[in-house]
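Visitor: Got a file for you: input-v2.pdb, PDB, C-alpha atoms and all ligand atoms.
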ATOM      1  CA  MET H   1     -17.544   3.308  -7.595
ATOM      2  CA  SER H   2     -19.011   0.282  -9.388
ATOM      3  CA  ALA H   3     -17.511  -3.165  -9.007
ATOM      4  CA  LEU H   4     -16.377  -3.030 -12.621
ATOM      5  CA  ARG H   5     -14.592   0.254 -12.088
ATOM      6  CA  GLN H   6     -13.005  -1.131  -8.960
ATOM      7  CA  VAL H   7     -11.663  -4.100 -10.910
ATOM      8  CA  ARG H   8     -10.394  -1.800 -13.629
ATOM      9  CA  GLY H   9      -8.739   0.404 -11.045
ATOM     10  CA  TRP H  10      -7.126  -2.579  -9.442
ATOM     11  CA  LEU H  11      -5.857  -3.859 -12.782
ATOM     12  CA  SER H  12      -4.312  -0.565 -13.740
ATOM     13  CA  ALA H  13      -2.766  -0.257 -10.281
ATOM     14  CA  LYS H  14      -1.220  -3.694 -10.717
ATOM     15  CA  ARG H  15       0.168  -2.705 -14.083
ATOM     16  CA  ARG H  16       1.767   0.329 -12.539
ATOM     17  CA  PHE H  17       4.344  -1.933 -10.895
ATOM     18  CA  GLN H  18       6.792  -1.125 -13.621
ATOM     19  CA  PHE H  19       9.806   0.018 -11.721
ATOM     20  CA  CYS H  20      13.052   0.400 -13.474
ATOM     21  CA  LEU H  21      16.595  -0.017 -12.418
ATOM     22  CA  THR H  22      18.984   2.560 -13.740
ATOM     23  CA  LEU H  23      22.430   1.079 -13.586
ATOM     24  CA  VAL H  24      25.881   2.148 -14.521
ATOM     25  CA  MET H  25      28.350  -0.648 -14.196
ATOM     26  CA  VAL H  26      31.665  -1.906 -15.343
ATOM     27  CA  THR H  27      30.382  -4.175 -17.922
ATOM     28  CA  GLY H  28      30.640  -7.889 -17.693
ATOM     29  CA  LEU H  29      29.622  -7.731 -21.301
ATOM     30  CA  THR H  30      32.699  -5.808 -22.366
ATOM     31  CA  ALA H  31      34.929  -8.122 -20.357
ATOM     32  CA  ALA H  32      33.342 -11.294 -21.689
ATOM     33  CA  CYS H  33      33.398 -10.028 -25.226
ATOM     34  CA  GLY H  34      36.776  -8.345 -25.100
ATOM     35  CA  ALA H  35      38.285 -10.846 -27.490
ATOM     36  CA  LEU H  36      35.367 -10.457 -29.820
ATOM     37  CA  LEU H  37      35.766  -6.695 -29.863
ATOM     38  CA  MET H  38      39.372  -7.108 -30.988
ATOM     39  CA  LEU H  39      38.220  -8.691 -34.227
ATOM     40  CA  PRO H  40      38.033  -6.523 -37.317
ATOM     41  CA  ASN H  41      34.521  -5.301 -38.011
ATOM     42  CA  SER H  42      34.291  -7.397 -41.145
ATOM     43  CA  VAL H  43      34.371 -10.587 -39.051
ATOM     44  CA  LEU H  44      31.509  -9.522 -36.771
ATOM     45  CA  PRO H  45      27.991 -10.536 -37.707
ATOM     46  CA  LYS H  46      26.122  -7.720 -39.354
ATOM     47  CA  ILE H  47      22.597  -7.131 -38.119
ATOM     48  CA  ARG H  48      20.513  -6.353 -41.127
ATOM     49  CA  ALA H  49      16.963  -6.284 -42.263
ATOM     50  CA  VAL H  50      15.715  -5.647 -45.720
ATOM     51  CA  VAL H  51      13.315  -2.750 -45.931
ATOM     52  CA  PRO H  52      10.982  -1.833 -48.744
ATOM     53  CA  GLY H  53      13.062   0.141 -51.204
ATOM     54  CA  GLY H  54      16.000  -2.222 -51.009
ATOM     55  CA  ASP H  55      18.357  -0.548 -48.514
ATOM     56  CA  ALA H  56      19.491  -2.585 -45.545
ATOM     57  CA  LEU H  57      19.154  -1.037 -42.089
ATOM     58  CA  VAL H  58      22.177  -1.495 -39.863
ATOM     59  CA  ALA H  59      21.887  -0.600 -36.191
ATOM     60  CA  THR H  60      23.996   2.453 -35.410
ATOM     61  CA  ASP H  61      25.238   1.477 -31.939
ATOM     62  CA  PRO H  62      28.588  -0.393 -31.918
ATOM     63  CA  GLN H  63      27.588  -2.564 -28.922
ATOM     64  CA  VAL H  64      25.060  -4.520 -31.001
ATOM     65  CA  SER H  65      27.429  -7.175 -32.342
ATOM     66  CA  ALA H  66      28.715  -7.984 -28.862
ATOM     67  CA  LEU H  67      25.166  -8.101 -27.499
ATOM     68  CA  HIS H  68      24.149 -10.458 -30.267
ATOM     69  CA  ARG H  69      27.024 -12.739 -29.314
ATOM     70  CA  LEU H  70      26.109 -12.692 -25.606
ATOM     71  CA  MET H  71      22.463 -13.448 -26.371
ATOM     72  CA  ASP H  72      23.350 -16.344 -28.693
ATOM     73  CA  SER H  73      24.053 -18.498 -25.645
ATOM     74  CA  TYR H  74      20.409 -18.070 -24.592
ATOM     75  CA  GLY H  75      18.967 -19.190 -27.939
ATOM     76  CA  LYS H  76      18.417 -17.997 -31.484
ATOM     77  CA  VAL H  77      18.615 -14.203 -31.675
ATOM     78  CA  ILE H  78      16.359 -12.141 -33.857
ATOM     79  CA  SER H  79      16.794  -8.431 -34.472
ATOM     80  CA  GLU H  80      14.407  -5.776 -35.668
ATOM     81  CA  PRO H  81      16.292  -2.657 -36.823
ATOM     82  CA  VAL H  82      14.200   0.506 -36.874
ATOM     83  CA  GLY H  83      14.929   3.810 -38.578
ATOM     84  CA  THR H  84      14.383   6.522 -35.967
ATOM     85  CA  GLY H  85      14.887   9.494 -38.250
ATOM     86  CA  ALA H  86      17.859  11.634 -39.259
ATOM     87  CA  GLY H  87      19.710   8.565 -40.547
ATOM     88  CA  LYS H  88      19.738   6.913 -37.125
ATOM     89  CA  VAL H  89      18.879   3.233 -36.732
ATOM     90  CA  GLY H  90      17.813   1.729 -33.429
ATOM     91  CA  VAL H  91      17.253  -1.963 -32.882
ATOM     92  CA  VAL H  92      15.136  -4.376 -30.872
ATOM     93  CA  LEU H  93      16.902  -7.658 -30.038
ATOM     94  CA  GLY H  94      15.370 -10.774 -28.534
ATOM     95  CA  HIS H  95      14.455 -14.400 -29.077
ATOM     96  CA  PRO H  96      11.557 -15.975 -31.013
ATOM     97  CA  ALA H  97       9.605 -16.753 -27.823
ATOM     98  CA  ARG H  98       9.231 -13.000 -27.197
ATOM     99  CA  SER H  99       8.648 -11.918 -30.797
ATOM    100  CA  GLY H 100       5.221 -10.489 -29.887
ATOM    101  CA  ASP H 101       6.739  -8.098 -27.334
ATOM    102  CA  MET H 102       9.547  -7.298 -29.779
ATOM    103  CA  ASP H 103       7.054  -6.359 -32.485
ATOM    104  CA  VAL H 104       5.234  -4.004 -30.105
ATOM    105  CA  LEU H 105       8.499  -2.331 -29.110
ATOM    106  CA  ALA H 106       9.858  -2.130 -32.673
ATOM    107  CA  ALA H 107       6.630  -0.566 -33.915
ATOM    108  CA  GLU H 108       6.875   2.026 -31.150
ATOM    109  CA  LEU H 109      10.621   2.765 -31.242
ATOM    110  CA  SER H 110      10.592   5.608 -33.731
ATOM    111  CA  ALA H 111       7.614   7.379 -32.133
ATOM    112  CA  ALA H 112       9.106   6.903 -28.664
ATOM    113  CA  THR H 113      12.443   8.364 -29.773
ATOM    114  CA  THR H 114      10.630  11.361 -31.240
ATOM    115  CA  ALA H 115       8.530  11.776 -28.098
ATOM    116  CA  VAL H 116      11.619  11.892 -25.869
ATOM    117  CA  SER H 117      13.401  14.366 -28.155
ATOM    118  CA  ALA H 118      10.298  16.569 -28.182
ATOM    119  CA  VAL H 119      10.806  17.254 -24.479
ATOM    120  CA  TRP H 120      14.541  16.807 -23.967
ATOM    121  CA  GLY H 121      15.883  17.952 -27.340
ATOM    122  CA  SER H 122      17.949  15.984 -29.840
ATOM    123  CA  ASP H 123      21.261  16.011 -27.937
ATOM    124  CA  TRP H 124      21.391  12.228 -27.448
ATOM    125  CA  SER H 125      22.083   9.183 -29.623
ATOM    126  CA  GLN H 126      18.477   8.796 -30.857
ATOM    127  CA  ALA H 127      19.453   5.253 -31.964
ATOM    128  CA  PRO H 128      18.203   3.175 -29.042
ATOM    129  CA  VAL H 129      19.195  -0.412 -28.357
ATOM    130  CA  VAL H 130      16.314  -2.337 -26.783
ATOM    131  CA  VAL H 131      16.643  -5.932 -25.648
ATOM    132  CA  VAL H 132      13.928  -8.345 -24.540
ATOM    133  CA  ALA H 133      15.285 -11.036 -22.227
ATOM    134  CA  SER H 134      13.731 -14.496 -22.313
ATOM    135  CA  SER H 135      14.650 -15.515 -18.772
ATOM    136  CA  PRO H 136      15.655 -13.938 -15.455
ATOM    137  CA  ALA H 137      19.188 -15.291 -16.010
ATOM    138  CA  GLU H 138      19.472 -13.547 -19.363
ATOM    139  CA  PHE H 139      18.024 -10.344 -17.873
ATOM    140  CA  ALA H 140      20.696 -10.456 -15.170
ATOM    141  CA  ALA H 141      23.442 -11.077 -17.736
ATOM    142  CA  LEU H 142      22.260  -8.223 -19.951
ATOM    143  CA  THR H 143      22.066  -5.803 -17.035
ATOM    144  CA  ASN H 144      25.272  -7.023 -15.370
ATOM    145  CA  GLU H 145      23.264  -7.703 -12.229
ATOM    146  CA  THR H 146      24.832 -10.182  -9.860
ATOM    147  CA  GLY H 147      22.041 -10.405  -7.272
ATOM    148  CA  ALA H 148      18.406 -11.353  -7.729
ATOM    149  CA  VAL H 149      16.362  -8.690  -9.513
ATOM    150  CA  PRO H 150      13.000  -7.977  -7.840
ATOM    151  CA  ALA H 151      10.148  -9.477  -9.854
ATOM    152  CA  GLU H 152       8.466  -6.054 -10.025
ATOM    153  CA  VAL H 153      11.281  -4.657 -12.148
ATOM    154  CA  ALA H 154       9.985  -4.647 -15.709
ATOM    155  CA  ALA H 155      12.939  -3.039 -17.401
ATOM    156  CA  ALA H 156      16.377  -1.644 -16.730
ATOM    157  CA  THR H 157      18.587   0.900 -18.411
ATOM    158  CA  VAL H 158      22.316   0.230 -18.329
ATOM    159  CA  ALA H 159      25.370   2.096 -19.540
ATOM    160  CA  ASP H 160      29.126   1.728 -19.484
ATOM    161  CA  PRO H 161      30.910   3.862 -16.899
ATOM    162  CA  PHE H 162      31.586   7.325 -18.277
ATOM    163  CA  HIS H 163      32.982  10.665 -17.280
ATOM    164  CA  PRO H 164      30.491  13.459 -16.635
ATOM    165  CA  GLY H 165      30.146  15.584 -19.716
ATOM    166  CA  ALA H 166      31.035  12.754 -22.113
ATOM    167  CA  GLN H 167      28.388  10.935 -24.117
ATOM    168  CA  PRO H 168      27.728   7.603 -22.422
ATOM    169  CA  THR H 169      28.341   4.391 -24.372
ATOM    170  CA  GLY H 170      26.889   0.910 -24.094
ATOM    171  CA  GLN H 171      23.453   2.216 -23.170
ATOM    172  CA  ARG H 172      20.592  -0.201 -23.630
ATOM    173  CA  VAL H 173      17.099  -0.777 -22.358
ATOM    174  CA  VAL H 174      16.527  -4.332 -21.189
ATOM    175  CA  PHE H 175      13.017  -5.685 -20.686
ATOM    176  CA  GLY H 176      12.410  -8.597 -18.343
ATOM    177  CA  SER H 177      11.010 -11.844 -19.700
ATOM    178  CA  GLU H 178       7.656 -11.279 -17.959
ATOM    179  CA  ALA H 179       7.319  -7.588 -18.820
ATOM    180  CA  GLY H 180       5.061  -8.068 -21.823
ATOM    181  CA  ARG H 181       2.730 -10.473 -20.046
ATOM    182  CA  ARG H 182       2.441  -8.261 -16.972
ATOM    183  CA  LEU H 183       2.253  -4.856 -18.653
ATOM    184  CA  GLY H 184       0.387  -5.505 -21.894
ATOM    185  CA  PRO H 185       1.137  -3.538 -25.084
ATOM    186  CA  ASP H 186       0.219  -0.121 -23.656
ATOM    187  CA  GLY H 187       2.373  -0.725 -20.607
ATOM    188  CA  LEU H 188       5.308  -1.801 -22.786
ATOM    189  CA  ARG H 189       4.968   1.409 -24.795
ATOM    190  CA  SER H 190       4.977   3.680 -21.760
ATOM    191  CA  VAL H 191       7.844   1.810 -20.073
ATOM    192  CA  LEU H 192       9.828   2.118 -23.332
ATOM    193  CA  ARG H 193       9.374   5.902 -23.284
ATOM    194  CA  HIS H 194      10.242   5.996 -19.590
ATOM    195  CA  GLU H 195      13.481   4.087 -20.145
ATOM    196  CA  LEU H 196      14.437   6.036 -23.280
ATOM    197  CA  THR H 197      14.108   9.196 -21.206
ATOM    198  CA  HIS H 198      16.744   7.790 -18.844
ATOM    199  CA  VAL H 199      18.935   7.006 -21.873
ATOM    200  CA  ALA H 200      18.547  10.522 -23.298
ATOM    201  CA  THR H 201      19.235  12.273 -19.984
ATOM    202  CA  ARG H 202      22.068   9.978 -18.894
ATOM    203  CA  ALA H 203      24.890  12.292 -20.011
ATOM    204  CA  VAL H 204      23.799  15.008 -17.556
ATOM    205  CA  THR H 205      22.516  12.750 -14.782
ATOM    206  CA  VAL H 206      24.703  12.029 -11.778
ATOM    207  CA  ASP H 207      23.886   8.996  -9.632
ATOM    208  CA  ARG H 208      21.981   9.573  -6.385
ATOM    209  CA  SER H 209      20.378  12.796  -7.581
ATOM    210  CA  PRO H 210      16.836  13.270  -6.188
ATOM    211  CA  GLN H 211      14.803  10.288  -7.383
ATOM    212  CA  TRP H 212      11.524  12.175  -7.600
ATOM    213  CA  MET H 213      13.091  14.342 -10.307
ATOM    214  CA  LEU H 214      14.741  11.495 -12.253
ATOM    215  CA  GLU H 215      11.793   9.090 -12.081
ATOM    216  CA  GLY H 216       9.077  11.721 -12.202
ATOM    217  CA  PHE H 217      10.571  13.230 -15.345
ATOM    218  CA  ALA H 218      10.789   9.806 -17.030
ATOM    219  CA  GLU H 219       7.159   9.132 -16.082
ATOM    220  CA  TYR H 220       6.122  12.554 -17.318
ATOM    221  CA  VAL H 221       7.697  11.941 -20.742
ATOM    222  CA  ALA H 222       6.239   8.412 -20.819
ATOM    223  CA  HIS H 223       2.670   9.627 -20.384
ATOM    224  CA  ARG H 224       2.864  13.030 -22.057
ATOM    225  CA  GLY H 225       0.572  13.297 -25.004
ATOM    226  CA  MET H 226      -1.174   9.989 -24.314
ATOM    227  CA  ARG H 227      -4.288  11.759 -23.062
ATOM    228  CA  GLN H 228      -4.943   9.242 -20.319
ATOM    229  CA  PRO H 229      -7.216  10.289 -17.458
ATOM    230  CA  ILE H 230      -5.420  10.883 -14.169
ATOM    231  CA  GLU H 231      -7.056   7.861 -12.537
ATOM    232  CA  GLU H 232      -5.293   5.714 -15.140
ATOM    233  CA  VAL H 233      -1.869   7.359 -14.882
ATOM    234  CA  ALA H 234      -1.998   7.696 -11.092
ATOM    235  CA  PRO H 235      -4.684   5.399  -9.638
ATOM    236  CA  THR H 236      -3.351   5.303  -6.096
ATOM    237  CA  LEU H 237      -2.718   9.042  -5.946
ATOM    238  CA  THR H 238      -6.230   9.667  -7.262
ATOM    239  CA  THR H 239      -7.920   7.316  -4.794
ATOM    240  CA  ARG H 240      -6.040   8.816  -1.860
ATOM    241  CA  ALA H 241      -6.642  12.403  -2.954
ATOM    242  CA  ARG H 242     -10.370  11.743  -3.257
ATOM    243  CA  ALA H 243     -10.243  10.388   0.292
ATOM    244  CA  GLY H 244      -8.548  13.605   1.400
ATOM    245  CA  THR H 245      -4.961  12.361   1.667
ATOM    246  CA  LEU H 246      -2.284  14.238  -0.245
ATOM    247  CA  PRO H 247       1.470  13.520  -0.311
ATOM    248  CA  ALA H 248       3.082  15.255   2.678
ATOM    249  CA  ASP H 249       6.206  16.104   0.680
ATOM    250  CA  LEU H 250       8.033  15.201  -2.487
ATOM    251  CA  PRO H 251       8.924  11.525  -2.038
ATOM    252  CA  ALA H 252      12.252  10.614  -0.444
ATOM    253  CA  ASP H 253      14.728   8.475  -2.372
ATOM    254  CA  ALA H 254      14.311   5.370  -0.182
ATOM    255  CA  ALA H 255      10.596   5.187  -1.005
ATOM    256  CA  PHE H 256      11.437   4.359  -4.641
ATOM    257  CA  GLU H 257      12.868   0.974  -3.710
ATOM    258  CA  PRO H 258      10.400  -1.839  -4.507
ATOM    259  CA  ALA H 259      10.999  -3.122  -0.959
ATOM    260  CA  SER H 260       9.435   0.043   0.468
ATOM    261  CA  GLY H 261       5.978  -1.278  -0.411
ATOM    262  CA  GLU H 262       5.085   2.249  -1.506
ATOM    263  CA  ALA H 263       6.962   2.341  -4.776
ATOM    264  CA  ALA H 264       3.897   2.339  -7.062
ATOM    265  CA  ALA H 265       2.334   5.241  -5.165
ATOM    266  CA  VAL H 266       5.639   7.075  -5.060
ATOM    267  CA  TYR H 267       6.208   6.839  -8.817
ATOM    268  CA  GLU H 268       2.744   8.341  -9.235
ATOM    269  CA  GLN H 269       3.571  11.173  -6.837
ATOM    270  CA  ALA H 270       6.799  11.876  -8.734
ATOM    271  CA  TRP H 271       4.904  11.867 -12.046
ATOM    272  CA  SER H 272       2.329  14.288 -10.650
ATOM    273  CA  ALA H 273       4.996  16.682  -9.351
ATOM    274  CA  CYS H 274       6.587  16.868 -12.804
ATOM    275  CA  ALA H 275       3.255  17.070 -14.640
ATOM    276  CA  PHE H 276       2.253  19.898 -12.300
ATOM    277  CA  ILE H 277       5.505  21.806 -12.881
ATOM    278  CA  ALA H 278       5.228  21.403 -16.671
ATOM    279  CA  ASP H 279       1.596  22.490 -16.566
ATOM    280  CA  GLN H 280       2.048  25.509 -14.306
ATOM    281  CA  PHE H 281       5.568  26.704 -15.145
ATOM    282  CA  GLY H 282       6.149  25.299 -18.637
ATOM    283  CA  GLU H 283       8.007  22.310 -19.994
ATOM    284  CA  ALA H 284      11.221  24.288 -20.522
ATOM    285  CA  GLN H 285      11.273  25.077 -16.805
ATOM    286  CA  LEU H 286      10.768  21.414 -15.966
ATOM    287  CA  VAL H 287      13.758  20.493 -18.148
ATOM    288  CA  SER H 288      15.804  23.274 -16.592
ATOM    289  CA  LEU H 289      14.912  22.034 -13.121
ATOM    290  CA  TYR H 290      15.951  18.497 -14.123
ATOM    291  CA  ARG H 291      19.333  19.682 -15.364
ATOM    292  CA  GLN H 292      20.044  21.468 -12.081
ATOM    293  CA  LEU H 293      18.717  18.799  -9.714
ATOM    294  CA  ALA H 294      20.371  15.897 -11.577
ATOM    295  CA  THR H 295      23.911  16.989 -10.709
ATOM    296  CA  GLY H 296      24.186  14.742  -7.647
ATOM    297  CA  PRO H 297      22.762  14.202  -4.155
ATOM    298  CA  LYS H 298      20.802  17.178  -2.784
ATOM    299  CA  ASP H 299      19.584  17.924   0.721
ATOM    300  CA  ASN H 300      16.303  19.735   1.327
ATOM    301  CA  ALA H 301      17.943  23.152   1.434
ATOM    302  CA  ALA H 302      19.694  22.582  -1.897
ATOM    303  CA  VAL H 303      16.441  21.447  -3.535
ATOM    304  CA  ALA H 304      14.622  24.488  -2.148
ATOM    305  CA  ALA H 305      17.314  26.862  -3.438
ATOM    306  CA  ILE H 306      17.204  25.346  -6.937
ATOM    307  CA  VAL H 307      13.388  25.496  -6.950
ATOM    308  CA  GLN H 308      13.560  29.168  -5.922
ATOM    309  CA  ASN H 309      16.137  30.022  -8.594
ATOM    310  CA  THR H 310      14.450  28.100 -11.391
ATOM    311  CA  LEU H 311      10.738  28.533 -10.715
ATOM    312  CA  ALA H 312      10.877  31.740  -8.624
ATOM    313  CA  ILE H 313       8.784  30.162  -5.888
ATOM    314  CA  GLY H 314       9.484  29.107  -2.300
ATOM    315  CA  TYR H 315       9.440  25.398  -1.467
ATOM    316  CA  PRO H 316       6.367  25.581   0.841
ATOM    317  CA  ASP H 317       4.496  27.448  -1.902
ATOM    318  CA  LEU H 318       5.511  24.812  -4.424
ATOM    319  CA  LEU H 319       4.048  22.078  -2.207
ATOM    320  CA  ALA H 320       0.850  24.053  -1.634
ATOM    321  CA  ARG H 321       0.337  24.655  -5.345
ATOM    322  CA  TRP H 322       1.121  21.005  -6.126
ATOM    323  CA  HIS H 323      -1.530  19.941  -3.611
ATOM    324  CA  SER H 324      -4.095  22.278  -5.175
ATOM    325  CA  TRP H 325      -3.244  20.929  -8.622
ATOM    326  CA  ILE H 326      -3.722  17.320  -7.498
ATOM    327  CA  THR H 327      -6.999  18.144  -5.762
ATOM    328  CA  ALA H 328      -8.366  20.020  -8.757
ATOM    329  CA  ARG H 329      -7.490  17.226 -11.168
ATOM    330  CA  THR H 330      -8.739  14.344  -9.075
ATOM    331  CA  THR H 331     -12.086  15.894  -8.148
ATOM    332  CA  PRO H 332     -14.747  13.892 -10.022
ATOM    333  CA  GLY H 333     -16.425  15.917 -12.747
ATOM    334  CA  ALA H 334     -13.751  18.619 -12.644
TER
HETATM  335 ZN    ZN H 401      12.993   4.924 -14.169
END
Would you mind giving the structure from this file in structure tokens?
Ligand SMILES: [Zn+2]
Guide:
Amino acid sequence: MSALRQVRGWLSAKRRFQFCLTLVMVTGLTAACGALLMLPNSVLPKIRAVVPGGDALVATDPQVSALHRLMDSYGKVISEPVGTGAGKVGVVLGHPARSGDMDVLAAELSAATTAVSAVWGSDWSQAPVVVVASSPAEFAALTNETGAVPAEVAAATVADPFHPGAQPTGQRVVFGSEAGRRLGPDGLRSVLRHELTHVATRAVTVDRSPQWMLEGFAEYVAHRGMRQPIEEVAPTLTTRARAGTLPADLPADAAFEPASGEAAAVYEQAWSACAFIADQFGEAQLVSLYRQLATGPKDNAAVAAIVQNTLAIGYPDLLARWHSWITARTTPGA
């Protein structure tokens, strides 16, 4: 490998530190803005933008006015409403200092919404709320985080508490203030698709379900159709596979924590497992597997039984075929 390729590999590996937090919390936002929410709608600020043709776009999601109010205390708020099709309007909110990142995200929002629906189907809001924080304090406020958020976390998806089976409310994707600088435009685009996948799947996703399925699926949707070579999507996995080291098993939940030191490699492994399943068994089977594995915590036996029922293959065979798939795709010139 040339020095230039090594540098490129290192850069893309660095950019892969784009972990997300997926949080469901009792919202500080709702509490803080309770009085505001009591006001009649006519008193709340309307978020509008004039589009060619004369009609004003108004973000569909009712949380936007309260968000706008919360963000006001961190500086002037700008909003970029985006039509996402079928009469739905998403929005990107932020402050002037991050208008470059906001423009990238707003330009991508409609395509990202379509890309998620292409895999998951249209049974979700399809009117995403995306917020770009300008400081770690604002990021924490927008995600209702009380502790310090690891610097590696580029974005988080939050939602109000909800009952399984109901459509979640208060869902938003929040980007950290350094996300744009660290990820670049392409990284912002793929993280947006990753997070919107969490938003779309939230209604059927129970906390503490197997992380490789939840994160791998989001990574799969994020990179699907982008036609990136595997060494770009999964640089660490590729390097290790070429050196003869393959993942021993599907990654355990604890390995997804940034503190594990293995999180970047583990996200790549999870992506590859889902890409392999979609490739070899079909995308519909991948979605079906997600729906069955996302119903809560699963031990190894439960995962194996669901794999057998859904893909008609034993767990050891699944691992063996996954290994072959990785080897075949990471062999230079293959
Ligand atoms: Zn994620």
Visitor: Within 12 Å of (6.7, -2.1, -36.7), in the coordinates the file gives, what residues turn up when you count all atoms listed in the file, written out as a PDB file with C-alpha atoms, in the frame of the given file?
Guide:
ATOM      1  CA  VAL H  51      13.315  -2.750 -45.931  1.00  0.00           C
ATOM      2  CA  GLU H  80      14.407  -5.776 -35.668  1.00  0.00           C
ATOM      3  CA  PRO H  81      16.292  -2.657 -36.823  1.00  0.00           C
ATOM      4  CA  VAL H  82      14.200   0.506 -36.874  1.00  0.00           C
ATOM      5  CA  GLY H  83      14.929   3.810 -38.578  1.00  0.00           C
ATOM      6  CA  THR H  84      14.383   6.522 -35.967  1.00  0.00           C
ATOM      7  CA  VAL H  91      17.253  -1.963 -32.882  1.00  0.00           C
ATOM      8  CA  VAL H  92      15.136  -4.376 -30.872  1.00  0.00           C
ATOM      9  CA  SER H  99       8.648 -11.918 -30.797  1.00  0.00           C
ATOM     10  CA  GLY H 100       5.221 -10.489 -29.887  1.00  0.00           C
ATOM     11  CA  ASP H 101       6.739  -8.098 -27.334  1.00  0.00           C
ATOM     12  CA  MET H 102       9.547  -7.298 -29.779  1.00  0.00           C
ATOM     13  CA  ASP H 103       7.054  -6.359 -32.485  1.00  0.00           C
ATOM     14  CA  VAL H 104       5.234  -4.004 -30.105  1.00  0.00           C
ATOM     15  CA  LEU H 105       8.499  -2.331 -29.110  1.00  0.00           C
ATOM     16  CA  ALA H 106       9.858  -2.130 -32.673  1.00  0.00           C
ATOM     17  CA  ALA H 107       6.630  -0.566 -33.915  1.00  0.00           C
ATOM     18  CA  GLU H 108       6.875   2.026 -31.150  1.00  0.00           C
ATOM     19  CA  LEU H 109      10.621   2.765 -31.242  1.00  0.00           C
ATOM     20  CA  SER H 110      10.592   5.608 -33.731  1.00  0.00           C
ATOM     21  CA  ALA H 111       7.614   7.379 -32.133  1.00  0.00           C
TER      22      ALA H 111
END
Visitor: Restricting the calculation to only C-alpha atoms: of H:Ala66, H:Ala156, H:Leu196, H:Met226, which residue gets closest to Ala112 in chain H?
Guide: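 For Ala112 in chain H, the nearest of the given residues is H:Leu196.
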Visitor: Compute the set of protein, DNA and RNA residues whose minimum atom distance to ligand ZN 401 (chain H) is at most 10 Å, using all atoms listed in the file, and state it as an NGL selection string.
Guide: :H and (18-22 or 153 or 155-157 or 191 or 193-199 or 211-212 or 214-219 or 256 or 267)
Visitor: Between H:Val206, H:Ala255, H:Ala56, H:Ala222, which has the minimum distance to Leu293 in chain H (counting all atoms listed in the file)?
Guide: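 Comparing H:Val206, H:Ala255, H:Ala56, H:Ala222 against Leu293 in chain H, the winner is H:Val206.
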Visitor: One decimal, in Å: what's the spacing between CA of Val174 in chain H and CA of Pro258 in chain H?
Guide: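 Separation between CA of Val174 in chain H and CA of Pro258 in chain H: 17.9 Å.
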Visitor: Got a sec to check which residues sit within 6 Å of (21.7, 13.8, -11.4), counting only C-alpha atoms, and write them as a list in words?
Guide: Thr205, Val206, Asp207, Ser209, Ala294, Thr295 and Gly296 of chain H
Visitor: Export C-alpha atoms of the chosen residues as a compact mmCIF listing (two decimals), in the frame of the given file?
Guide:
# COMPACT_ATOMS: atom_id res chain seq x y z
CA THR H 205 22.52 12.75 -14.78
CA VAL H 206 24.70 12.03 -11.78
CA ASP H 207 23.89 9.00 -9.63
CA SER H 209 20.38 12.80 -7.58
CA ALA H 294 20.37 15.90 -11.58
CA THR H 295 23.91 16.99 -10.71
CA GLY H 296 24.19 14.74 -7.65
Visitor: Please compute the CA of Leu311 in chain H-CA of Gly282 in chain H distance, one decimal, in Å.
Guide: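 One can read the CA of Leu311 in chain H to CA of Gly282 in chain H distance as 9.7 Å.
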Visitor: Would you write out, as a ChimeraX atom specification, every residue that the PyMOL selection byres (((chain H and resi 127) around 7) and not hetatm) captures in this file?
Guide: /H:60-61,84,88-90,125-126,128-129
Visitor: Report, in Å with one decimal, the straight-line distance from CA of Ser79 in chain H to CA of Glu152 in chain H.
Guide: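 Separation between CA of Ser79 in chain H and CA of Glu152 in chain H: 25.9 Å.
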Visitor: With only C-alpha atoms as the atoms that count, which of H:Arg181, H:Val204, H:Ser134, H:Ser288 lies nearest to Ala166 in chain H?
Guide: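 Comparing H:Arg181, H:Val204, H:Ser134, H:Ser288 against Ala166 in chain H, the winner is H:Val204.
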Visitor: Taking 4 positions as the minimum chain separation for residues in the same chain, which residues sit within 10 Å of Gly184 in chain H when counting all atoms listed in the file? Answer as a PyMOL selection string.
Guide: chain H and resi 15+101+104+179-180+188-189
Visitor: Name the residues that the PyMOL selection byres (((chain H and resi 170) around 8) and not hetatm) picks from the file above, as a ChimeraX atom specification, using the file's chain letters and numbers.
Guide: /H:63,158-160,168-169,171-172
Visitor: Since we have the selection now, will you write its residues out, keeping C-alpha atoms, as an mmCIF file, in the coordinates of the input?
Guide:
data_model
loop_
_atom_site.group_PDB
_atom_site.id
_atom_site.type_symbol
_atom_site.label_atom_id
_atom_site.label_comp_id
_atom_site.auth_asym_id
_atom_site.auth_seq_id
_atom_site.Cartn_x
_atom_site.Cartn_y
_atom_site.Cartn_z
ATOM 1 C CA GLN H 63 27.588 -2.564 -28.922
ATOM 2 C CA VAL H 158 22.316 0.230 -18.329
ATOM 3 C CA ALA H 159 25.370 2.096 -19.540
ATOM 4 C CA ASP H 160 29.126 1.728 -19.484
ATOM 5 C CA PRO H 168 27.728 7.603 -22.422
ATOM 6 C CA THR H 169 28.341 4.391 -24.372
ATOM 7 C CA GLN H 171 23.453 2.216 -23.170
ATOM 8 C CA ARG H 172 20.592 -0.201 -23.630
#
Visitor: So, with all atoms listed in the file as the atoms that count, which of H:Trp325, H:Tyr315, H:Trp271, H:Phe175 lies closest to Ala140 in chain H?
Guide: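 Closest residue, counting all atoms listed in the file: H:Phe175.
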Visitor: Which is closer to Glu262 in chain H than all the others in H:Leu237, H:Glu178, H:Arg202, H:Phe281, using all atoms listed in the file?
Guide: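 Going through H:Leu237, H:Glu178, H:Arg202, H:Phe281 one by one, the smallest distance to Glu262 in chain H is for H:Leu237.
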Visitor: Of the candidates H:Ser177, H:Thr331, H:Thr114, H:Gln167, which one gets nearest to Ala133 in chain H if we count only C-alpha atoms?
Guide: H:Ser177
